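Accompanying notes for the structure given below.
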Amino acid sequence: MTDLHRLSVREMAEGLKSAQFSSRELTQHYLDRIAKIDQHVKSYVTVTPEHALAQADAADGLLKSGMAGALIGVPLAHKDIFCTQGIKTTAGSKILDNFISPYDATVVSKAKAAGLVTLGKVNMDEFAMGSTSESSYYGATKNPWNLDCVPGGSSGGSAAAVAADLTPIATGTDTGGSIRQPASFCGLTGLKPTYGRVSRFGMIAYASSLDQGGPMARSAEDCAYLMNVMAGHDQKDSTSVNKDVDDYVADLNATTVKGLRIGIPKQYFNVQGLDADVKARVEESLKKLEEMGATLVEIDLNMTDAYVPTYYLIAPAEASSNLQRYDGVRYGYRAENPKDILDLYKRSRSEGFGAEVQRRILIGTYALSAGYYDAYYVKAQKVRRLIQQDFLKAFESVDVIAAPSAPTTAYKIGASLDPVEMYLGDIYTIAVNLAGLPAINAPVGFDANNLPVGLQLIGNYWSESQLLSVVHQYQQATDWHTKRATIAEENA
């Protein structure tokens, strides 16, 4: 079969169980596509054909013995921020170019236990710091809809690999929009779960109070299948919440759009820099949801102006603390011929970290330094609580909140955005991480240049099932999620 990559995850699982094709055939199909297409997209940092085929053979054995796991034998790709035993884990950085993890992240071990097949590790902004996937030590990943454009970031490799049909599903992480924004740029569905829903054990830390893993796929249904694997309490992660996990697949039809109250924050649709095509597509998708029975309710989110400054104090402060461990002593890159221990530290870091990572470390170190800690970091934490309260007040009158996922569509690789311009592009996504809320991106059309536009729906705590269900209902009534990127169509 030459079009296995066009099957949904459910169709793949059904085909494997009914022996229409084997996991080895399915895995080899994707490996062949990667070998043919990824030289143009550059979504993978490491492809693991021998490892993948061995896992596929093991999956075929389980399938023959009648094992009933929902995803046995289905391939996936992991963002290169999740530790994988025996496979290089780089976080997109030179400083980890030689790091082979001695253990698996919990997300990876759960995927293995579910019988999923790992095709490889996909590219990302260095240490998840960026919105374009250009800051990777391994070079820029290209957007499959237009190879001159960025795929978004930091989970740009995950988004590009799914959009180019180089994997059916992928893991991503979201610290300030790093699942939702690349999903928007690449025409995919991507879910950022409630903080604590998915284990962070073995997920290389950027900002520990903001980082959260989640699924990326074509549809809400595909995301639900992967979310069933990823979610759950983990004793190895002190921030993991011990709370019952929904069956996200079974709940796909549990929420009816009829009567759903969708909050429309007036501040979000008057943001300077919001592209006219993005605004129009998002408004059209909201009108469609209204036709399906939803009620649109105008709401106020009064803390909008505080999002960017608050986030860009807290996230770099946590990054400066987390990245102290990269010292050239224990693992990772080590500067050659250091004069003394201080020279080893300084040169290992200055040679091993890229410009954006160094910028954020410096900002964070300054914010945490004596004399500035109270003025900046402590104040930012207080404002963070006000942002959370702003959302909770809104959820008293609405079920979900709608917004664009990004103010623009994908921009050109090498576009001369200064750091502040790039940070302002996170206006719609970062507050969700500050508040610890779940949110999802759904593709809702294209701009004049045929680049995808995304709608973001933000839910109250632990409402992942509701978000997936609402988007699933929308995707039953529309076909935006079925559209194929240019390079995928050319290599169908």
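Following the order of the structure tokens, chains are lettered A, B, ..., residues in each are numbered from 1, and ligands are numbered from 1.
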For Gly66 (chain A), please output as a count of residues only all residues within 12 Å (counting only C-alpha atoms; exclusion window: fewer than 6 positions along the same chain).
7
For region 157-165 of chain A, please output as number ranges by chain all residues within 7 Å (counting only C-alpha atoms; exclusion window: fewer than 3 positions along the same chain).
A: 5, 43-44, 79, 122-124, 141, 143-144, 151, 168-172, 182-183, 186, 216-217, 485, 487-488
Residues near region 412-427 of chain A, cut-off 8 Å, only C-alpha atoms, skip fewer than 3 positions along chain, as a PDB file with N, CA, C and O atoms, in the first residue's frame:
ATOM      1  N   SER A 131      10.524  30.506  18.808  1.00  0.00           N
ATOM      2  CA  SER A 131       9.218  30.366  18.163  1.00  0.00           C
ATOM      3  C   SER A 131       9.340  30.014  16.688  1.00  0.00           C
ATOM      4  O   SER A 131       8.381  30.131  15.943  1.00  0.00           O
ATOM      5  N   GLU A 134      14.563  27.908  14.425  1.00  0.00           N
ATOM      6  CA  GLU A 134      15.813  28.333  13.780  1.00  0.00           C
ATOM      7  C   GLU A 134      16.997  28.324  14.739  1.00  0.00           C
ATOM      8  O   GLU A 134      18.149  28.348  14.300  1.00  0.00           O
ATOM      9  N   ALA A 140      17.800  25.082  10.709  1.00  0.00           N
ATOM     10  CA  ALA A 140      16.376  25.396  10.706  1.00  0.00           C
ATOM     11  C   ALA A 140      15.567  24.275  10.055  1.00  0.00           C
ATOM     12  O   ALA A 140      15.940  23.753   9.004  1.00  0.00           O
ATOM     13  N   LYS A 142      12.112  23.352   8.047  1.00  0.00           N
ATOM     14  CA  LYS A 142      11.302  24.096   7.073  1.00  0.00           C
ATOM     15  C   LYS A 142       9.814  23.770   7.268  1.00  0.00           C
ATOM     16  O   LYS A 142       9.458  22.670   7.683  1.00  0.00           O
ATOM     17  N   ASP A 148      10.218  27.949   2.363  1.00  0.00           N
ATOM     18  CA  ASP A 148      10.910  29.203   2.675  1.00  0.00           C
ATOM     19  C   ASP A 148      10.501  29.753   4.030  1.00  0.00           C
ATOM     20  O   ASP A 148      11.059  30.752   4.493  1.00  0.00           O
ATOM     21  N   CYS A 149       9.515  29.103   4.672  1.00  0.00           N
ATOM     22  CA  CYS A 149       8.955  29.625   5.922  1.00  0.00           C
ATOM     23  C   CYS A 149       9.321  28.734   7.111  1.00  0.00           C
ATOM     24  O   CYS A 149       9.639  27.561   6.954  1.00  0.00           O
ATOM     25  N   VAL A 150       9.227  29.317   8.305  1.00  0.00           N
ATOM     26  CA  VAL A 150       9.478  28.562   9.538  1.00  0.00           C
ATOM     27  C   VAL A 150       8.254  27.698   9.857  1.00  0.00           C
ATOM     28  O   VAL A 150       7.134  28.031   9.470  1.00  0.00           O
ATOM     29  N   GLY A 176       5.399  28.086  26.459  1.00  0.00           N
ATOM     30  CA  GLY A 176       4.734  29.374  26.259  1.00  0.00           C
ATOM     31  C   GLY A 176       3.994  29.421  24.932  1.00  0.00           C
ATOM     32  O   GLY A 176       3.767  30.492  24.371  1.00  0.00           O
ATOM     33  N   GLY A 177       3.670  28.226  24.410  1.00  0.00           N
ATOM     34  CA  GLY A 177       2.995  28.135  23.113  1.00  0.00           C
ATOM     35  C   GLY A 177       3.666  27.180  22.156  1.00  0.00           C
ATOM     36  O   GLY A 177       3.311  27.105  20.980  1.00  0.00           O
ATOM     37  N   TYR A 307       0.988  40.006  30.141  1.00  0.00           N
ATOM     38  CA  TYR A 307       1.412  38.651  29.779  1.00  0.00           C
ATOM     39  C   TYR A 307       2.897  38.570  29.422  1.00  0.00           C
ATOM     40  O   TYR A 307       3.643  37.768  29.985  1.00  0.00           O
ATOM     41  N   VAL A 308       3.297  39.372  28.429  1.00  0.00           N
ATOM     42  CA  VAL A 308       4.662  39.244  27.895  1.00  0.00           C
ATOM     43  C   VAL A 308       5.720  39.612  28.931  1.00  0.00           C
ATOM     44  O   VAL A 308       6.667  38.845  29.156  1.00  0.00           O
ATOM     45  N   ALA A 406      -1.761  32.424  17.140  1.00  0.00           N
ATOM     46  CA  ALA A 406      -0.643  33.329  16.857  1.00  0.00           C
ATOM     47  C   ALA A 406      -1.187  34.527  16.083  1.00  0.00           C
ATOM     48  O   ALA A 406      -2.175  34.388  15.351  1.00  0.00           O
ATOM     49  N   PRO A 407      -0.569  35.707  16.221  1.00  0.00           N
ATOM     50  CA  PRO A 407      -1.075  36.891  15.523  1.00  0.00           C
ATOM     51  C   PRO A 407      -0.834  36.874  14.020  1.00  0.00           C
ATOM     52  O   PRO A 407      -1.456  37.639  13.291  1.00  0.00           O
ATOM     53  N   THR A 408       0.070  36.000  13.553  1.00  0.00           N
ATOM     54  CA  THR A 408       0.391  35.936  12.125  1.00  0.00           C
ATOM     55  C   THR A 408       0.438  34.472  11.694  1.00  0.00           C
ATOM     56  O   THR A 408       0.380  33.567  12.525  1.00  0.00           O
ATOM     57  N   ILE A 430       1.175  32.557  25.937  1.00  0.00           N
ATOM     58  CA  ILE A 430       1.966  32.448  27.178  1.00  0.00           C
ATOM     59  C   ILE A 430       1.131  32.518  28.451  1.00  0.00           C
ATOM     60  O   ILE A 430       1.477  31.901  29.449  1.00  0.00           O
ATOM     61  N   ALA A 431      -0.002  33.238  28.417  1.00  0.00           N
ATOM     62  CA  ALA A 431      -0.816  33.361  29.632  1.00  0.00           C
ATOM     63  C   ALA A 431      -1.349  32.005  30.076  1.00  0.00           C
ATOM     64  O   ALA A 431      -1.518  31.753  31.278  1.00  0.00           O
TER      65      ALA A 431
END
For Val117 (chain A), find every residue with an atom within 7 Å (counting only C-alpha atoms), except residues of its own chain fewer than 4 positions away, and show them as number ranges by chain.
A: 52, 55-56, 73-76
Would you put the residues from that selection into a file with all heavy atoms, as a compact mmCIF listing (two decimals), in the first residue's frame?
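Here's the written file result.txt:
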# COMPACT_ATOMS: atom_id res chain seq x y z
N ALA A 52 13.59 1.20 15.24
CA ALA A 52 12.16 1.26 14.89
C ALA A 52 11.68 -0.08 14.35
O ALA A 52 10.60 -0.57 14.73
CB ALA A 52 11.94 2.36 13.85
N GLN A 55 11.31 -2.60 17.11
CA GLN A 55 10.08 -2.35 17.86
C GLN A 55 8.85 -2.80 17.05
O GLN A 55 7.90 -3.34 17.60
CB GLN A 55 9.95 -0.86 18.20
CG GLN A 55 10.85 -0.39 19.33
CD GLN A 55 10.54 1.05 19.74
OE1 GLN A 55 10.27 1.91 18.91
NE2 GLN A 55 10.57 1.31 21.04
N ALA A 56 8.89 -2.56 15.73
CA ALA A 56 7.77 -2.96 14.86
C ALA A 56 7.61 -4.47 14.85
O ALA A 56 6.49 -5.00 14.92
CB ALA A 56 8.00 -2.43 13.45
N GLY A 73 2.03 -0.99 17.49
CA GLY A 73 2.55 -1.00 16.13
C GLY A 73 2.43 0.30 15.37
O GLY A 73 2.91 0.41 14.24
N VAL A 74 1.82 1.33 15.99
CA VAL A 74 1.68 2.64 15.32
C VAL A 74 2.96 3.45 15.53
O VAL A 74 3.46 3.54 16.65
CB VAL A 74 0.46 3.41 15.88
CG1 VAL A 74 0.40 4.82 15.30
CG2 VAL A 74 -0.83 2.65 15.58
N PRO A 75 3.52 4.06 14.48
CA PRO A 75 4.75 4.84 14.63
C PRO A 75 4.49 6.22 15.24
O PRO A 75 3.39 6.78 15.13
CB PRO A 75 5.27 4.99 13.19
CG PRO A 75 4.45 4.05 12.36
CD PRO A 75 3.14 3.91 13.07
N LEU A 76 5.54 6.77 15.87
CA LEU A 76 5.51 8.17 16.31
C LEU A 76 6.93 8.71 16.34
O LEU A 76 7.90 7.96 16.22
CB LEU A 76 4.86 8.31 17.68
CG LEU A 76 5.75 8.23 18.95
CD1 LEU A 76 4.99 8.79 20.15
CD2 LEU A 76 6.21 6.82 19.22
How close does each residue of region 391-485 of chain A get to region 230-234 of chain A, giving the shortest atom pair and distance in Å to one decimal for every residue with an atom at most 12 Å away, counting only C-alpha atoms, sorted by chain and residue number, as a tab-separated table?
residue	atom	partner	partner_atom	distance
A:Trp462	CA	A:Ala231	CA	11.1
A:Glu464	CA	A:Ala231	CA	10.3
A:Ser465	CA	A:Ala231	CA	11.6
Convert the current residue selection to file output with N, CA and C atoms, as a PDB file, in the first residue's frame.
ATOM      1  N   TRP A 462      -8.167  20.803  33.880  1.00  0.00           N
ATOM      2  CA  TRP A 462      -8.531  19.398  33.684  1.00  0.00           C
ATOM      3  C   TRP A 462      -9.640  19.218  32.652  1.00  0.00           C
ATOM      4  N   GLU A 464      -9.240  18.824  29.351  1.00  0.00           N
ATOM      5  CA  GLU A 464      -8.681  18.340  28.082  1.00  0.00           C
ATOM      6  C   GLU A 464      -9.720  17.577  27.254  1.00  0.00           C
ATOM      7  N   SER A 465     -10.525  16.743  27.920  1.00  0.00           N
ATOM      8  CA  SER A 465     -11.555  15.985  27.208  1.00  0.00           C
ATOM      9  C   SER A 465     -12.532  16.917  26.499  1.00  0.00           C
TER      10      SER A 465
END
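Proximity ranking of A:Val271, A:Ala276, A:Ala448, A:Val282 relative to Tyr428 (chain A) places A:Val271 first, based on only C-alpha atoms.
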Counting only C-alpha atoms, the option among A:Leu62, A:Ala315, A:Ala250, A:Ile341 closest to Ser208 (chain A):
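Among the listed residues, the smallest separation from Ser208 (chain A) belongs to A:Ala315.
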If we count only C-alpha atoms, what is near region 103-115 of chain A at a cut-off of 7 Å, once residues fewer than 2 positions away on the same chain are taken out, given as a PyMOL selection string?
chain A and resi 59+69+71-73+82-85+101+117+199+201-203+229-230
Could those selected residues go to a file with all heavy atoms, as a compact mmCIF listing (two decimals), in the first residue's frame?
# COMPACT_ATOMS: atom_id res chain seq x y z
N ALA A 59 6.05 -5.49 17.99
CA ALA A 59 4.62 -5.15 17.95
C ALA A 59 3.83 -6.17 17.12
O ALA A 59 2.74 -6.58 17.50
CB ALA A 59 4.44 -3.74 17.36
N GLY A 69 -3.83 -3.73 22.92
CA GLY A 69 -3.50 -2.31 23.10
C GLY A 69 -3.91 -1.49 21.89
O GLY A 69 -3.73 -1.91 20.75
N LEU A 71 -2.80 1.16 20.43
CA LEU A 71 -1.82 1.75 19.51
C LEU A 71 -0.64 0.84 19.22
O LEU A 71 0.38 1.30 18.72
CB LEU A 71 -1.31 3.08 20.08
CG LEU A 71 -2.35 4.20 20.20
CD1 LEU A 71 -1.71 5.46 20.76
CD2 LEU A 71 -2.98 4.51 18.85
N ILE A 72 -0.76 -0.42 19.49
CA ILE A 72 0.37 -1.34 19.23
C ILE A 72 0.74 -1.29 17.75
O ILE A 72 -0.09 -1.48 16.88
CB ILE A 72 0.01 -2.79 19.64
CG1 ILE A 72 -0.10 -2.90 21.16
CG2 ILE A 72 1.06 -3.77 19.13
CD1 ILE A 72 -0.55 -4.26 21.65
N GLY A 73 2.03 -0.99 17.49
CA GLY A 73 2.55 -1.00 16.13
C GLY A 73 2.43 0.30 15.37
O GLY A 73 2.91 0.41 14.24
N PHE A 82 12.87 14.88 24.97
CA PHE A 82 12.55 13.73 25.83
C PHE A 82 13.72 12.76 25.81
O PHE A 82 14.15 12.32 24.74
CB PHE A 82 11.28 13.03 25.32
CG PHE A 82 10.02 13.82 25.54
CD1 PHE A 82 9.41 14.50 24.48
CD2 PHE A 82 9.43 13.90 26.79
CE1 PHE A 82 8.25 15.22 24.68
CE2 PHE A 82 8.27 14.63 27.00
CZ PHE A 82 7.68 15.30 25.95
N CYS A 83 14.22 12.41 26.98
CA CYS A 83 15.36 11.49 27.07
C CYS A 83 14.96 10.11 26.55
O CYS A 83 13.88 9.60 26.87
CB CYS A 83 15.82 11.38 28.52
SG CYS A 83 16.71 12.84 29.10
N THR A 84 15.84 9.54 25.74
CA THR A 84 15.61 8.22 25.16
C THR A 84 16.84 7.36 25.40
O THR A 84 17.94 7.68 24.95
CB THR A 84 15.36 8.33 23.64
OG1 THR A 84 16.26 9.31 23.09
CG2 THR A 84 13.94 8.77 23.35
N GLN A 85 16.65 6.28 26.12
CA GLN A 85 17.77 5.41 26.50
C GLN A 85 18.47 4.86 25.26
O GLN A 85 17.86 4.28 24.38
CB GLN A 85 17.26 4.27 27.37
CG GLN A 85 18.38 3.39 27.92
CD GLN A 85 17.86 2.35 28.89
OE1 GLN A 85 16.66 2.15 29.00
NE2 GLN A 85 18.76 1.69 29.59
N SER A 101 21.25 9.43 26.55
CA SER A 101 20.62 9.28 27.86
C SER A 101 20.71 7.84 28.37
O SER A 101 20.50 6.90 27.60
CB SER A 101 19.16 9.71 27.78
OG SER A 101 18.50 9.44 29.00
N VAL A 117 5.91 2.68 18.06
CA VAL A 117 7.21 2.49 17.41
C VAL A 117 7.87 3.85 17.22
O VAL A 117 7.31 4.73 16.57
CB VAL A 117 7.02 1.79 16.05
CG1 VAL A 117 8.34 1.73 15.29
CG2 VAL A 117 6.43 0.40 16.24
N SER A 199 3.66 13.77 32.75
CA SER A 199 4.90 13.76 33.51
C SER A 199 6.02 14.52 32.81
O SER A 199 6.20 14.42 31.59
CB SER A 199 5.36 12.32 33.74
OG SER A 199 6.66 12.30 34.33
N PHE A 201 9.17 14.04 33.98
CA PHE A 201 10.37 13.28 34.27
C PHE A 201 11.06 12.89 32.97
O PHE A 201 10.46 12.29 32.07
CB PHE A 201 10.05 12.02 35.08
CG PHE A 201 11.25 11.16 35.37
CD1 PHE A 201 12.16 11.53 36.35
CD2 PHE A 201 11.50 10.02 34.64
CE1 PHE A 201 13.29 10.76 36.61
CE2 PHE A 201 12.62 9.23 34.88
CZ PHE A 201 13.52 9.61 35.87
N GLY A 202 12.34 13.25 32.85
CA GLY A 202 13.10 12.93 31.64
C GLY A 202 12.86 13.89 30.50
O GLY A 202 13.35 13.68 29.38
N MET A 203 12.09 14.94 30.75
CA MET A 203 11.88 16.01 29.75
C MET A 203 12.84 17.13 30.12
O MET A 203 12.73 17.70 31.21
CB MET A 203 10.42 16.49 29.85
CG MET A 203 9.96 17.39 28.75
SD MET A 203 8.19 17.74 28.99
CE MET A 203 8.27 19.38 29.63
N VAL A 229 -2.09 7.82 26.06
CA VAL A 229 -0.80 7.21 26.42
C VAL A 229 0.00 8.13 27.33
O VAL A 229 0.60 7.69 28.32
CB VAL A 229 0.01 6.88 25.14
CG1 VAL A 229 1.42 6.42 25.49
CG2 VAL A 229 -0.71 5.83 24.31
N MET A 230 0.02 9.43 27.03
CA MET A 230 0.91 10.36 27.71
C MET A 230 0.45 10.76 29.11
O MET A 230 1.27 10.99 30.00
CB MET A 230 1.07 11.65 26.87
CG MET A 230 1.74 11.45 25.54
SD MET A 230 1.85 13.00 24.58
CE MET A 230 3.20 13.85 25.45
Nearest to Tyr225 (chain A) among A:Val432, A:Leu191, A:Leu210, A:Leu457, with distances taken over only C-alpha atoms: which residue is it?
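For Tyr225 (chain A), the nearest of the given residues is A:Leu191.
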Hey, what does DSSP flag as strand (DSSP E or B) within region 30-75 of chain A? Can you give it to me as a ChimeraX atom specification?
/A:44-47,75
Using only C-alpha atoms, which residues sit within 10 Å of Thr429 (chain A) once same-chain residues fewer than 6 positions away are excluded, as a PyMOL selection string?
chain A and resi 174-181+192+307-308+403-406+439+456+458
Selection to disk with C-alpha atoms, as a JSON list (two decimals), in the first residue's frame:
[["chain", "number", "residue", "atom", "x", "y", "z"],
["A", 174, "ASP", "CA", 4.73, 23.71, 25.49],
["A", 175, "THR", "CA", 6.33, 26.29, 27.79],
["A", 176, "GLY", "CA", 4.73, 29.37, 26.26],
["A", 177, "GLY", "CA", 2.99, 28.14, 23.11],
["A", 178, "SER", "CA", 5.51, 25.63, 21.76],
["A", 179, "ILE", "CA", 2.83, 23.07, 20.80],
["A", 180, "ARG", "CA", 0.01, 25.43, 19.80],
["A", 181, "GLN", "CA", 1.96, 27.95, 17.68],
["A", 192, "LYS", "CA", -1.19, 21.76, 25.69],
["A", 307, "TYR", "CA", 1.41, 38.65, 29.78],
["A", 308, "VAL", "CA", 4.66, 39.24, 27.90],
["A", 403, "ALA", "CA", -8.37, 33.32, 20.55],
["A", 404, "PRO", "CA", -5.97, 33.11, 17.63],
["A", 405, "SER", "CA", -3.03, 30.82, 18.40],
["A", 406, "ALA", "CA", -0.64, 33.33, 16.86],
["A", 439, "ALA", "CA", -5.45, 24.84, 25.51],
["A", 456, "GLN", "CA", -6.95, 28.41, 20.01],
["A", 458, "ILE", "CA", -8.53, 27.63, 26.22]]
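Taking only C-alpha atoms, the non-local environment of Asp125 (chain A) within 10 Å (same-chain residues fewer than 6 positions away omitted) comprises Asp80, Ile81, Ala91, Gly92, Ser93, Ser131, Thr132, Ser133, Glu134, Ser135, Ser136, Tyr137, Tyr138, Gly139, Ala140, Thr141, Gly152, Gly153, Ser154, Ser155, Gly156, Gly157, Ser178, Glu356 and Val357 of chain A.
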Using DSSP on the backbone coordinates, identify all residues within region 55-166 of chain A classified as alpha helix (DSSP H); present the result as a PyMOL selection string.
chain A and resi 55-64+106-113+156-163
Distance in Å - CA of Ala205 (chain A) versus CA of Tyr461 (chain A):
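Distance between the two atoms: 22.4 Å.
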CA of Leu451 (chain A) to CA of Asp3 (chain A): how many Å, to one decimal?
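These atoms are spaced 24.0 Å apart.
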